[in-house]
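Below is one structure, written out as structure tokens; the observations come after it.
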Amino acid sequence: MSIELKLSRPSRVYRPGESVEGKIITTLTTSVSYHKILVTVNGTVNLQVRGGVAGVIESLYSVVKPLCIIKKSTEVASSAGKLAPGRTEIPFSFSLSSQENGNHGAFYETFHGGNISIQYLITADIMRGYLHKSLSATLEFIVESDKASLAGPPVSPELVRFYITQDTQKHQLLPELLTGKISTECSLTDPVSGELVVEASAVPIRSIDIQLLRIESILAGERIIADTSVIQTTQIADGDVCKSLTLPIYVILPRLFVCPTVLAGPFLIEFQISIVISFQSELSKLYPKSDLRTPRPWSAMLTLPLRVFRT
């Protein structure tokens, strides 16, 4: 026997205020009696401080109590009954209404991070009584921000001009002059765009990479524990690039791993963008390329804040 959940939208993407509709699908070899059928929706912000991030005192708060966004149950079948052998489809629906979420707070967007995760789960339970184990199935659905809840009109992506020189980096392998511009305010549906030009370089360049970083901050006890990690790395140049050649920057934001910037009381979710220039050096071959965030004498880096929003 098996039980599964299927939503009416293949994308499983919903906004606050919308109705979530779906079916409980059972496949049985024999008939099954039940007392009631229950559908529960849970939306939570799960907070966890990893041991390598916190000190001895903060490790006591390694698992912070989850924050409830929404929790409610709907009885699909409130009286006892029997499911026939074969395939059976039981429809259900519920509303993602802010007035029905128990005043827990705003509907944050779905986010899968290293220390912070925002998840919305649907659980179906076919309760068979004390002598039989209930049949259960769980499915995650995606919540995106409601446009009507935005604080103001969408902000146009802003391009910020940057310079990477010996003066800005205090780097032993420079002089180098690298200029460009990149967006520091970006919609989730748009790429991080810009351009970069290597005007001069005394040392051959090995590669130029754009790193997308997330900063997850959690209030643990009386302190805020922040952790910065790499979401993805996009290479825009391989080898010693031609001087004065304009290189385009085009980075697509990965959904679920990026959400609108959140500045809540118990937690913060922020993002940064880094331009990393690696020089040709024999020492660089001894270290993995994924270790770009660690300062090395054969690389230069410029990091800028990135505000993400929904339009």
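Residue numbering restarts at 1 for every chain of the structure tokens, chains are lettered A, B, ... in their displayed order, and ligands are numbered from 1 as they appear.
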Using DSSP on the backbone coordinates, identify all residues within range 32-262 of chain A classified as helix (DSSP H, G or I); present the result as a PyMOL selection string.
chain A and resi 58-61+98-100+147-149+166-169
Keeping only N, CA and C atoms, write the selected residues to a file as an mmCIF file, in the first residue's frame.
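The new file selection.cif reads:
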```cif
data_model
loop_
_atom_site.group_PDB
_atom_site.id
_atom_site.type_symbol
_atom_site.label_atom_id
_atom_site.label_comp_id
_atom_site.auth_asym_id
_atom_site.auth_seq_id
_atom_site.Cartn_x
_atom_site.Cartn_y
_atom_site.Cartn_z
ATOM 1 N N GLU A 58 28.206 29.738 22.639
ATOM 2 C CA GLU A 58 27.172 29.728 21.624
ATOM 3 C C GLU A 58 26.763 28.314 21.228
ATOM 4 N N SER A 59 27.670 27.333 21.432
ATOM 5 C CA SER A 59 27.331 25.957 21.067
ATOM 6 C C SER A 59 26.177 25.415 21.893
ATOM 7 N N LEU A 60 25.912 26.036 23.036
ATOM 8 C CA LEU A 60 24.765 25.628 23.838
ATOM 9 C C LEU A 60 23.459 25.950 23.129
ATOM 10 N N TYR A 61 23.511 26.885 22.187
ATOM 11 C CA TYR A 61 22.324 27.282 21.440
ATOM 12 C C TYR A 61 22.404 26.761 20.016
ATOM 13 N N SER A 98 -2.974 35.233 5.505
ATOM 14 C CA SER A 98 -2.256 35.781 6.657
ATOM 15 C C SER A 98 -3.172 35.937 7.858
ATOM 16 N N GLN A 99 -4.489 35.964 7.618
ATOM 17 C CA GLN A 99 -5.436 36.091 8.723
ATOM 18 C C GLN A 99 -5.683 34.757 9.416
ATOM 19 N N GLU A 100 -5.202 33.673 8.783
ATOM 20 C CA GLU A 100 -5.438 32.343 9.340
ATOM 21 C C GLU A 100 -4.162 31.669 9.820
ATOM 22 N N LYS A 147 3.249 40.302 -4.135
ATOM 23 C CA LYS A 147 3.622 41.621 -4.657
ATOM 24 C C LYS A 147 2.900 42.735 -3.912
ATOM 25 N N ALA A 148 1.663 42.463 -3.478
ATOM 26 C CA ALA A 148 0.900 43.506 -2.795
ATOM 27 C C ALA A 148 1.491 43.860 -1.442
ATOM 28 N N SER A 149 2.348 42.971 -0.879
ATOM 29 C CA SER A 149 2.924 43.208 0.448
ATOM 30 C C SER A 149 4.256 43.936 0.392
ATOM 31 N N GLN A 166 46.351 48.231 -6.948
ATOM 32 C CA GLN A 166 47.281 47.973 -5.855
ATOM 33 C C GLN A 166 46.909 48.802 -4.629
ATOM 34 N N ASP A 167 46.380 49.983 -4.849
ATOM 35 C CA ASP A 167 45.988 50.830 -3.721
ATOM 36 C C ASP A 167 44.791 50.256 -2.971
ATOM 37 N N THR A 168 43.818 49.710 -3.703
ATOM 38 C CA THR A 168 42.626 49.181 -3.042
ATOM 39 C C THR A 168 42.865 47.806 -2.436
ATOM 40 N N GLN A 169 43.808 47.048 -2.982
ATOM 41 C CA GLN A 169 44.029 45.678 -2.529
ATOM 42 C C GLN A 169 45.254 45.522 -1.632
#
```
With distances taken over only C-alpha atoms, which residue among A:Cys68, A:Ile24, A:Leu212, A:Leu131 lies nearest Ile273 in chain A?
A:Leu212
With the cut-off set at 9 Å and counting only C-alpha atoms, tabulate each residue of range 210-247 of chain A with an atom at most that distance from an atom of range 113-118 of chain A, showing the nearest atom pair and its distance in Å to one decimal, ordered by chain and increasing number, as a tab-separated table.
```
residue	atom	partner	partner_atom	distance
A:Arg214	CA	A:Gly113	CA	8.3
A:Glu216	CA	A:Asn115	CA	6.7
A:Ser217	CA	A:Asn115	CA	8.4
A:Ile218	CA	A:Ile116	CA	8.2
A:Asp227	CA	A:Asn115	CA	8.0
A:Ser229	CA	A:Gly114	CA	8.0
A:Ile231	CA	A:Gly113	CA	8.9
```
Would you kindly return, as a ChimeraX atom specification, each protein, DNA or RNA residue with an atom no farther than 6 Å from any atom of range 82-93 of chain A, considering only C-alpha atoms and excluding same-chain residues fewer than 4 positions away?
/A:20-34
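Neighbours of Thr303 in chain A closer than or equal to 8 Å, with only C-alpha atoms counted and sequence neighbours fewer than 4 positions away skipped, come out as A:Gln272, A:Ile273, A:Ser274, A:Ile275.
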Atoms to include: C-alpha atoms. Write the selected residues as a short mmCIF file (atom, residue, chain, number, x, y, z; two decimals), in the first residue's frame.
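In the end it all went to result01.cif:
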```
data_model
loop_
_atom_site.label_atom_id
_atom_site.label_comp_id
_atom_site.auth_asym_id
_atom_site.auth_seq_id
_atom_site.Cartn_x
_atom_site.Cartn_y
_atom_site.Cartn_z
CA GLN A 272 27.17 39.46 -1.28
CA ILE A 273 28.88 39.29 -4.65
CA SER A 274 32.67 38.84 -4.98
CA ILE A 275 34.97 39.42 -7.94
#
```
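Closest approach to Glu18 in chain A among A:Ala237, A:Leu96, A:Ala77, A:Ile69: A:Leu96, based on only C-alpha atoms.
Taking CA of Ile126 in chain A and CA of Arg9 in chain A as the two end points, the separation is 23.0 Å.
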Any idea what the distance is between CA of Leu121 in chain A and CA of Arg12 in chain A?
11.1 Å
Find the residues around Ser244 in chain A up to 12 Å (only C-alpha atoms counted), leave out those fewer than 6 positions away in its own chain, and share them as an NGL selection string.
:A and (177-180 or 195-201)
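With only C-alpha atoms as the atoms that count, the minimum distance from Thr184 in chain A to the choices A:Leu304, A:Ile225, A:Met127, A:Ala137 is reached by A:Leu304.
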Write out as a PyMOL selection string the set of residues from range 191-286 of chain A that DSSP, computed on the backbone, places in strand (DSSP E).
chain A and resi 192-201+205-220+223-238+246-251+262-263+267-279
